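J.: Okay, here's the structure, questions in a sec.
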Amino acid sequence: MAYSSISPGATEPAKTVLKRIGEWDLPILAAVVILLRLPFFNSPAIHIDEQFYLTVADKWIHHGLIPFVDIWDRKPIGTFILYVLPVVLFDNGILAYQILAAAFVIATGAIVLRIGRQLFTKDIGFAAALIYAVAVMLMEGPGGQTPVFYNLFVSAAVALYLSALISHGESKHFGLCILASLFLGIAIQIKYICAIEAAVLSVLMLAGLRTLHRWTIGQVSWLGLAMIGAGLLPTVLVAVSYAAAGHFVDFWDANFVSIFSKRLWHLSPLEYAHRLLESSLFCSFFLPFAGFSLISILRAPPRGAKGWGYAVIIVWLVAALPGALGLGNPTRHYFLPTLVPLSILTAVGLQRAEQVPSWFGRALRGVHSRWGRHATTAGLLLVPAVASFVISQLNLRERGDAADVYAVAAYIKAHNPSDGCPFVFNRLPILYYLADVCAPSVYLFPNHLSEIAEVQTPGKERLMELRRVLKLSPPLIYVRRPYSADLDPDAISLLEQTLRDHYVLDYVRRGYRQVHAVYARASEHGLD
């Protein structure tokens, strides 16, 4: 049936359903999030980072290995604490952390609903929450990447800051700002790059209070100091805990010193631009509306508290960009922190596009009038939602199909000597968790001993550690081929030479465009 031949009466049931959506915003958001993420539940290899987080949490709780001391990494302890919850509460930690991540996306969406209502309208809040749920999937967030968790705390802080801007009473301003700073401090203990967002948003908040509520320099200064204290409190508590246990140097070196020895990506300008464009394409359905919203706000900025609220959203987006652009490799998951403000701007832009006197605006108004107030949002999200499923499924196959990963883990568990620690060279740290085996080095994360950005330090300490591990003759060595371009040629050469001289191929499983190989010591086969 042609669009023009649909009678007004035929659309009445759809209008009724879409009208009721507004009465069930949060349940509908939760259902959308779960449906989007359901196909990825129990997938063990969504991303190498979250494999590592879960494995560290398991080794910490069940084997007493302390992060930064017995297992090295530079991410803050909050990341691993989040993953402790699934390990402690459930037998299947993989499924549990993915359900926890879905709950955080729903909770973040609920905060977005509130922010939308604070600054704009209920409809914009609901549209922004749905856009965020889909955008996270497009940007490598179907599992438990750190921004999936800390976006909740940053969003909660922004909502509190906005409440402070529009509230009256100095004591209320003080309490809201301190609580917001505490949330930002928690976010920093999940990922340190959040400190940029925390600092920029806090300064803007203080400026807003001084301008809107005519605070004195003294009042602003005292509140600023209190906010700094609240923001630093979680990190200070962690530092004190490590100091009390006699491991402050380990904590300090891993969290704050090691980043200066990491070799950042040095892509050519052309390659950098290519990766940035590729990442941007995944949000191509949203960026035009966000850009239109941004331009319209900047052209006619509102005054008063609402104007400062708009500024908070825009500055939030800008403050989230350095973490994505400044590390030298603008890959998709680095843009996850930008998605909450981007989703809000997209929802605003979609609504304002309906008001434009053009064929596009008329088309949007036609959809709106025929199918209800949420029809344009649903139409905008249809293709990205389907694309997110397809893209994420392809990523899963390329990173390791669930059946392949579980099969390799079962083989290692069955064939590893009880007193030996196998070595996972690349891609799948989750094997240490699934096979319930120890690691031969504090560098349990494979990239720390194989990635160019990690091993090419001035003193080549990581290559020396890799050489030490290989000289220990681990009973089993796991390798995934072909090697990715980010692996160091010297590390690969060291491994391959060891495999040729002292190991035999013991198990092979062919996956999608990859081969999983497990090597055993030749001496175990009487060949050495």
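Going by the structure tokens order, chains are called A, B, ..., each with residues numbered from 1, while ligands are numbered from 1 in the order shown.
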Please, which residues of range 254-357 of chain A, numbered as in this document, come out helix (DSSP H, G or I) from DSSP, as a ChimeraX atom specification?
T.: /A:254-260,269-281,287-299,304-325,332-353
J.: Write out as a PyMOL selection string which residues come within 12 Å of range 455-461 of chain A when counting only C-alpha atoms, dropping same-chain ones fewer than 6 positions away.
T.: chain A and resi 258-265+443+446-449+467-468+486-492
J.: Could you dump the residues just selected with N, CA, C and O atoms as a PDB file, in the first residue's frame?
T.:
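See selection-v5.pdb below for the written result:
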ATOM      1  N   SER A 258      53.666   4.407  35.048  1.00  0.00           N
ATOM      2  CA  SER A 258      53.825   3.530  33.881  1.00  0.00           C
ATOM      3  C   SER A 258      53.324   4.153  32.591  1.00  0.00           C
ATOM      4  O   SER A 258      53.821   3.825  31.508  1.00  0.00           O
ATOM      5  N   ILE A 259      52.339   5.037  32.673  1.00  0.00           N
ATOM      6  CA  ILE A 259      51.780   5.604  31.453  1.00  0.00           C
ATOM      7  C   ILE A 259      52.832   6.377  30.666  1.00  0.00           C
ATOM      8  O   ILE A 259      52.763   6.479  29.438  1.00  0.00           O
ATOM      9  N   PHE A 260      53.845   6.896  31.367  1.00  0.00           N
ATOM     10  CA  PHE A 260      54.869   7.680  30.679  1.00  0.00           C
ATOM     11  C   PHE A 260      55.874   6.808  29.926  1.00  0.00           C
ATOM     12  O   PHE A 260      56.627   7.304  29.098  1.00  0.00           O
ATOM     13  N   SER A 261      55.869   5.508  30.226  1.00  0.00           N
ATOM     14  CA  SER A 261      56.761   4.605  29.505  1.00  0.00           C
ATOM     15  C   SER A 261      56.057   3.912  28.346  1.00  0.00           C
ATOM     16  O   SER A 261      56.701   3.252  27.534  1.00  0.00           O
ATOM     17  N   LYS A 262      54.721   4.067  28.291  1.00  0.00           N
ATOM     18  CA  LYS A 262      53.987   3.435  27.200  1.00  0.00           C
ATOM     19  C   LYS A 262      54.205   4.208  25.921  1.00  0.00           C
ATOM     20  O   LYS A 262      54.135   5.441  25.893  1.00  0.00           O
ATOM     21  N   ARG A 263      54.461   3.492  24.870  1.00  0.00           N
ATOM     22  CA  ARG A 263      54.671   4.111  23.560  1.00  0.00           C
ATOM     23  C   ARG A 263      53.311   4.280  22.892  1.00  0.00           C
ATOM     24  O   ARG A 263      52.661   3.311  22.523  1.00  0.00           O
ATOM     25  N   LEU A 264      52.863   5.531  22.773  1.00  0.00           N
ATOM     26  CA  LEU A 264      51.575   5.784  22.146  1.00  0.00           C
ATOM     27  C   LEU A 264      51.629   5.434  20.664  1.00  0.00           C
ATOM     28  O   LEU A 264      52.692   5.346  20.056  1.00  0.00           O
ATOM     29  N   TRP A 265      50.449   5.234  20.116  1.00  0.00           N
ATOM     30  CA  TRP A 265      50.368   4.916  18.695  1.00  0.00           C
ATOM     31  C   TRP A 265      50.952   6.060  17.865  1.00  0.00           C
ATOM     32  O   TRP A 265      50.721   7.224  18.139  1.00  0.00           O
ATOM     33  N   TYR A 443      52.337 -10.121  34.051  1.00  0.00           N
ATOM     34  CA  TYR A 443      51.728  -9.521  32.860  1.00  0.00           C
ATOM     35  C   TYR A 443      50.762 -10.522  32.243  1.00  0.00           C
ATOM     36  O   TYR A 443      51.020 -11.124  31.202  1.00  0.00           O
ATOM     37  N   PRO A 446      47.771 -10.332  27.644  1.00  0.00           N
ATOM     38  CA  PRO A 446      48.706 -10.708  26.571  1.00  0.00           C
ATOM     39  C   PRO A 446      49.381  -9.519  25.890  1.00  0.00           C
ATOM     40  O   PRO A 446      50.569  -9.593  25.544  1.00  0.00           O
ATOM     41  N   ASN A 447      48.651  -8.419  25.692  1.00  0.00           N
ATOM     42  CA  ASN A 447      49.223  -7.275  24.981  1.00  0.00           C
ATOM     43  C   ASN A 447      50.435  -6.685  25.686  1.00  0.00           C
ATOM     44  O   ASN A 447      51.297  -6.073  25.053  1.00  0.00           O
ATOM     45  N   HIS A 448      50.522  -6.864  26.994  1.00  0.00           N
ATOM     46  CA  HIS A 448      51.646  -6.284  27.732  1.00  0.00           C
ATOM     47  C   HIS A 448      52.980  -6.930  27.366  1.00  0.00           C
ATOM     48  O   HIS A 448      54.049  -6.349  27.615  1.00  0.00           O
ATOM     49  N   LEU A 449      52.926  -8.123  26.783  1.00  0.00           N
ATOM     50  CA  LEU A 449      54.160  -8.798  26.369  1.00  0.00           C
ATOM     51  C   LEU A 449      54.227  -9.001  24.860  1.00  0.00           C
ATOM     52  O   LEU A 449      55.135  -9.697  24.383  1.00  0.00           O
ATOM     53  N   ARG A 467      61.073 -13.059  27.209  1.00  0.00           N
ATOM     54  CA  ARG A 467      62.164 -14.029  27.086  1.00  0.00           C
ATOM     55  C   ARG A 467      62.252 -14.901  28.346  1.00  0.00           C
ATOM     56  O   ARG A 467      62.450 -16.115  28.272  1.00  0.00           O
ATOM     57  N   ARG A 468      62.064 -14.285  29.504  1.00  0.00           N
ATOM     58  CA  ARG A 468      62.114 -15.036  30.765  1.00  0.00           C
ATOM     59  C   ARG A 468      60.977 -16.063  30.833  1.00  0.00           C
ATOM     60  O   ARG A 468      61.187 -17.217  31.224  1.00  0.00           O
ATOM     61  N   ASP A 486      49.117  -4.978  15.289  1.00  0.00           N
ATOM     62  CA  ASP A 486      49.598  -4.247  16.459  1.00  0.00           C
ATOM     63  C   ASP A 486      50.625  -5.033  17.276  1.00  0.00           C
ATOM     64  O   ASP A 486      51.159  -4.523  18.257  1.00  0.00           O
ATOM     65  N   LEU A 487      50.909  -6.278  16.872  1.00  0.00           N
ATOM     66  CA  LEU A 487      51.885  -7.077  17.614  1.00  0.00           C
ATOM     67  C   LEU A 487      53.310  -6.745  17.175  1.00  0.00           C
ATOM     68  O   LEU A 487      53.574  -6.464  16.009  1.00  0.00           O
ATOM     69  N   ASP A 488      54.218  -6.812  18.139  1.00  0.00           N
ATOM     70  CA  ASP A 488      55.604  -6.435  17.906  1.00  0.00           C
ATOM     71  C   ASP A 488      56.363  -7.545  17.169  1.00  0.00           C
ATOM     72  O   ASP A 488      56.320  -8.708  17.598  1.00  0.00           O
ATOM     73  N   PRO A 489      57.071  -7.234  16.087  1.00  0.00           N
ATOM     74  CA  PRO A 489      57.813  -8.265  15.341  1.00  0.00           C
ATOM     75  C   PRO A 489      58.864  -8.988  16.190  1.00  0.00           C
ATOM     76  O   PRO A 489      59.074 -10.195  16.028  1.00  0.00           O
ATOM     77  N   ASP A 490      59.532  -8.276  17.098  1.00  0.00           N
ATOM     78  CA  ASP A 490      60.535  -8.916  17.950  1.00  0.00           C
ATOM     79  C   ASP A 490      59.888  -9.923  18.894  1.00  0.00           C
ATOM     80  O   ASP A 490      60.437 -11.002  19.141  1.00  0.00           O
ATOM     81  N   ALA A 491      58.720  -9.568  19.431  1.00  0.00           N
ATOM     82  CA  ALA A 491      58.016 -10.489  20.313  1.00  0.00           C
ATOM     83  C   ALA A 491      57.575 -11.736  19.551  1.00  0.00           C
ATOM     84  O   ALA A 491      57.711 -12.870  20.047  1.00  0.00           O
ATOM     85  N   ILE A 492      57.068 -11.533  18.350  1.00  0.00           N
ATOM     86  CA  ILE A 492      56.652 -12.678  17.529  1.00  0.00           C
ATOM     87  C   ILE A 492      57.847 -13.560  17.207  1.00  0.00           C
ATOM     88  O   ILE A 492      57.773 -14.799  17.265  1.00  0.00           O
TER      89      ILE A 492
END
J.: Kindly indicate which residue among A:Leu396, A:Ala230, A:Leu270, A:Ile131 lies nearest to Leu287 in chain A, using only C-alpha atoms for the distances.
T.: A:Ile131
J.: Under the rule that only C-alpha atoms are counted, which of A:Gly125, A:Pro142, A:Gly78, A:Gly328 is the nearest residue to Ala453 in chain A?
T.: A:Gly328
J.: So, counting only C-alpha atoms, which residue among A:Val424, A:Val33, A:Ala57, A:Lys75 is closest to Leu466 in chain A?
T.: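 Ranked by minimum distance to Leu466 in chain A, first place goes to A:Val424.
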J.: Name the closest residue to Asp401 in chain A among the candidates A:Gly323, A:Pro288, A:Pro44, A:Pro39; distances are taken between atoms, counting only C-alpha atoms.
T.: A:Pro44
J.: Pick out the closest residue to Arg117 in chain A from this set: A:Leu179, A:Gly326, A:Gly309, A:Ile71. Count only C-alpha atoms.
T.: A:Gly309
J.: As a list in words, please: the residues near Ala31 in chain A (cut-off 12 Å, only C-alpha atoms, same-chain neighbours under 4 positions excluded).
T.: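 Contacts, with the query itself left out: Trp24, Asp25, Leu26, Pro27, Leu35, Leu36, Arg37, Leu38, Ala102, Ala103, Val105, Ile106, Gly109, Leu130 and Ala133 of chain A.
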J.: Hey, can you spit out that residue selection with all heavy atoms as an mmCIF file, in the first residue's frame?
T.:
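Below you can see out_29.cif, which holds the result:
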data_model
loop_
_atom_site.group_PDB
_atom_site.id
_atom_site.type_symbol
_atom_site.label_atom_id
_atom_site.label_comp_id
_atom_site.auth_asym_id
_atom_site.auth_seq_id
_atom_site.Cartn_x
_atom_site.Cartn_y
_atom_site.Cartn_z
ATOM 1 N N TRP A 24 5.484 4.514 29.776
ATOM 2 C CA TRP A 24 6.308 3.355 30.126
ATOM 3 C C TRP A 24 7.744 3.545 29.666
ATOM 4 O O TRP A 24 8.394 2.610 29.208
ATOM 5 C CB TRP A 24 5.729 2.092 29.468
ATOM 6 C CG TRP A 24 4.367 1.739 29.973
ATOM 7 C CD1 TRP A 24 3.176 2.196 29.523
ATOM 8 C CD2 TRP A 24 4.073 0.855 31.060
ATOM 9 N NE1 TRP A 24 2.141 1.668 30.237
ATOM 10 C CE2 TRP A 24 2.661 0.823 31.195
ATOM 11 C CE3 TRP A 24 4.852 0.072 31.922
ATOM 12 C CZ2 TRP A 24 2.018 0.059 32.154
ATOM 13 C CZ3 TRP A 24 4.219 -0.698 32.885
ATOM 14 C CH2 TRP A 24 2.824 -0.690 33.002
ATOM 15 N N ASP A 25 8.241 4.768 29.806
ATOM 16 C CA ASP A 25 9.563 5.087 29.274
ATOM 17 C C ASP A 25 10.643 4.135 29.776
ATOM 18 O O ASP A 25 11.386 3.548 28.977
ATOM 19 C CB ASP A 25 9.950 6.528 29.652
ATOM 20 C CG ASP A 25 9.186 7.557 28.828
ATOM 21 O OD1 ASP A 25 8.480 7.144 27.895
ATOM 22 O OD2 ASP A 25 9.300 8.750 29.129
ATOM 23 N N LEU A 26 10.776 4.002 31.075
ATOM 24 C CA LEU A 26 11.865 3.211 31.640
ATOM 25 C C LEU A 26 11.736 1.726 31.337
ATOM 26 O O LEU A 26 12.723 1.090 30.935
ATOM 27 C CB LEU A 26 11.967 3.454 33.153
ATOM 28 C CG LEU A 26 13.268 2.984 33.805
ATOM 29 C CD1 LEU A 26 14.492 3.582 33.105
ATOM 30 C CD2 LEU A 26 13.276 3.346 35.289
ATOM 31 N N PRO A 27 10.560 1.100 31.493
ATOM 32 C CA PRO A 27 10.440 -0.319 31.111
ATOM 33 C C PRO A 27 10.736 -0.569 29.636
ATOM 34 O O PRO A 27 11.355 -1.579 29.288
ATOM 35 C CB PRO A 27 8.985 -0.658 31.457
ATOM 36 C CG PRO A 27 8.602 0.324 32.510
ATOM 37 C CD PRO A 27 9.329 1.582 32.150
ATOM 38 N N LEU A 35 17.084 -6.495 24.651
ATOM 39 C CA LEU A 35 16.938 -7.111 23.324
ATOM 40 C C LEU A 35 18.186 -6.881 22.472
ATOM 41 O O LEU A 35 18.630 -7.784 21.748
ATOM 42 C CB LEU A 35 15.704 -6.559 22.621
ATOM 43 C CG LEU A 35 14.351 -7.090 23.118
ATOM 44 C CD1 LEU A 35 13.206 -6.338 22.453
ATOM 45 C CD2 LEU A 35 14.227 -8.590 22.855
ATOM 46 N N LEU A 36 18.743 -5.685 22.539
ATOM 47 C CA LEU A 36 19.942 -5.378 21.765
ATOM 48 C C LEU A 36 21.135 -6.218 22.215
ATOM 49 O O LEU A 36 21.948 -6.658 21.400
ATOM 50 C CB LEU A 36 20.286 -3.895 21.878
ATOM 51 C CG LEU A 36 19.391 -2.901 21.131
ATOM 52 C CD1 LEU A 36 19.724 -1.477 21.550
ATOM 53 C CD2 LEU A 36 19.541 -3.057 19.624
ATOM 54 N N ARG A 37 21.237 -6.459 23.516
ATOM 55 C CA ARG A 37 22.428 -7.105 24.068
ATOM 56 C C ARG A 37 22.261 -8.608 24.267
ATOM 57 O O ARG A 37 23.252 -9.326 24.464
ATOM 58 C CB ARG A 37 22.786 -6.442 25.402
ATOM 59 C CG ARG A 37 23.002 -4.951 25.270
ATOM 60 C CD ARG A 37 23.169 -4.265 26.602
ATOM 61 N NE ARG A 37 24.540 -4.343 27.081
ATOM 62 C CZ ARG A 37 25.510 -3.503 26.737
ATOM 63 N NH1 ARG A 37 25.259 -2.518 25.895
ATOM 64 N NH2 ARG A 37 26.723 -3.646 27.211
ATOM 65 N N LEU A 38 21.028 -9.084 24.202
ATOM 66 C CA LEU A 38 20.745 -10.498 24.456
ATOM 67 C C LEU A 38 21.565 -11.455 23.589
ATOM 68 O O LEU A 38 22.077 -12.466 24.090
ATOM 69 C CB LEU A 38 19.247 -10.756 24.283
ATOM 70 C CG LEU A 38 18.749 -12.149 24.686
ATOM 71 C CD1 LEU A 38 18.991 -12.397 26.176
ATOM 72 C CD2 LEU A 38 17.248 -12.278 24.369
ATOM 73 N N ALA A 102 24.569 -4.466 31.125
ATOM 74 C CA ALA A 102 23.250 -4.079 30.610
ATOM 75 C C ALA A 102 22.499 -3.241 31.641
ATOM 76 O O ALA A 102 21.844 -2.247 31.291
ATOM 77 C CB ALA A 102 22.441 -5.324 30.252
ATOM 78 N N ALA A 103 22.606 -3.614 32.913
ATOM 79 C CA ALA A 103 21.948 -2.843 33.971
ATOM 80 C C ALA A 103 22.509 -1.428 34.049
ATOM 81 O O ALA A 103 21.765 -0.462 34.274
ATOM 82 C CB ALA A 103 22.107 -3.558 35.310
ATOM 83 N N VAL A 105 23.781 0.264 31.517
ATOM 84 C CA VAL A 105 23.274 1.008 30.353
ATOM 85 C C VAL A 105 21.850 1.480 30.626
ATOM 86 O O VAL A 105 21.487 2.628 30.306
ATOM 87 C CB VAL A 105 23.335 0.136 29.083
ATOM 88 C CG1 VAL A 105 22.653 0.846 27.910
ATOM 89 C CG2 VAL A 105 24.775 -0.176 28.718
ATOM 90 N N ILE A 106 21.038 0.621 31.215
ATOM 91 C CA ILE A 106 19.660 1.005 31.555
ATOM 92 C C ILE A 106 19.665 2.160 32.562
ATOM 93 O O ILE A 106 18.923 3.139 32.415
ATOM 94 C CB ILE A 106 18.886 -0.202 32.114
ATOM 95 C CG1 ILE A 106 18.709 -1.268 31.025
ATOM 96 C CG2 ILE A 106 17.526 0.234 32.653
ATOM 97 C CD1 ILE A 106 18.207 -2.601 31.544
ATOM 98 N N GLY A 109 20.656 5.289 30.916
ATOM 99 C CA GLY A 109 19.507 5.780 30.148
ATOM 100 C C GLY A 109 18.485 6.477 31.032
ATOM 101 O O GLY A 109 17.883 7.480 30.633
ATOM 102 N N LEU A 130 17.088 6.178 24.235
ATOM 103 C CA LEU A 130 17.060 5.107 23.227
ATOM 104 C C LEU A 130 18.239 5.224 22.272
ATOM 105 O O LEU A 130 18.851 4.209 21.895
ATOM 106 C CB LEU A 130 15.746 5.162 22.451
ATOM 107 C CG LEU A 130 14.471 4.780 23.210
ATOM 108 C CD1 LEU A 130 13.260 4.938 22.307
ATOM 109 C CD2 LEU A 130 14.559 3.341 23.731
ATOM 110 N N ALA A 133 21.305 3.845 23.939
ATOM 111 C CA ALA A 133 21.302 2.378 24.003
ATOM 112 C C ALA A 133 21.781 1.760 22.695
ATOM 113 O O ALA A 133 22.509 0.754 22.701
ATOM 114 C CB ALA A 133 19.903 1.872 24.345
#
J.: What's the separation between CA of Lys471 in chain A and CA of Tyr503 in chain A, in Å to one decimal place?
T.: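 CA of Lys471 in chain A sits 12.0 Å away from CA of Tyr503 in chain A.
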J.: Report as an NGL selection string: the residues of range 247-481 of chain A with a DSSP assignment of strand (DSSP E or B), based on the backbone of this structure.
T.: :A and (423-424 or 451 or 476-481)
J.: Include C-alpha atoms and write out the residues we just selected as a PDB file, in the first residue's frame.
T.:
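Contents of result_20.pdb, as written:
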ATOM      1  CA  PHE A 423      51.106 -19.088  28.529  1.00  0.00           C
ATOM      2  CA  VAL A 424      48.546 -17.209  26.425  1.00  0.00           C
ATOM      3  CA  GLU A 451      51.882  -5.311  21.556  1.00  0.00           C
ATOM      4  CA  LEU A 476      51.320 -25.226  27.058  1.00  0.00           C
ATOM      5  CA  ILE A 477      51.461 -22.114  24.884  1.00  0.00           C
ATOM      6  CA  TYR A 478      48.366 -20.726  23.182  1.00  0.00           C
ATOM      7  CA  VAL A 479      48.727 -18.732  19.942  1.00  0.00           C
ATOM      8  CA  ARG A 480      46.098 -17.258  17.663  1.00  0.00           C
ATOM      9  CA  ARG A 481      47.059 -16.727  14.033  1.00  0.00           C
TER      10      ARG A 481
END
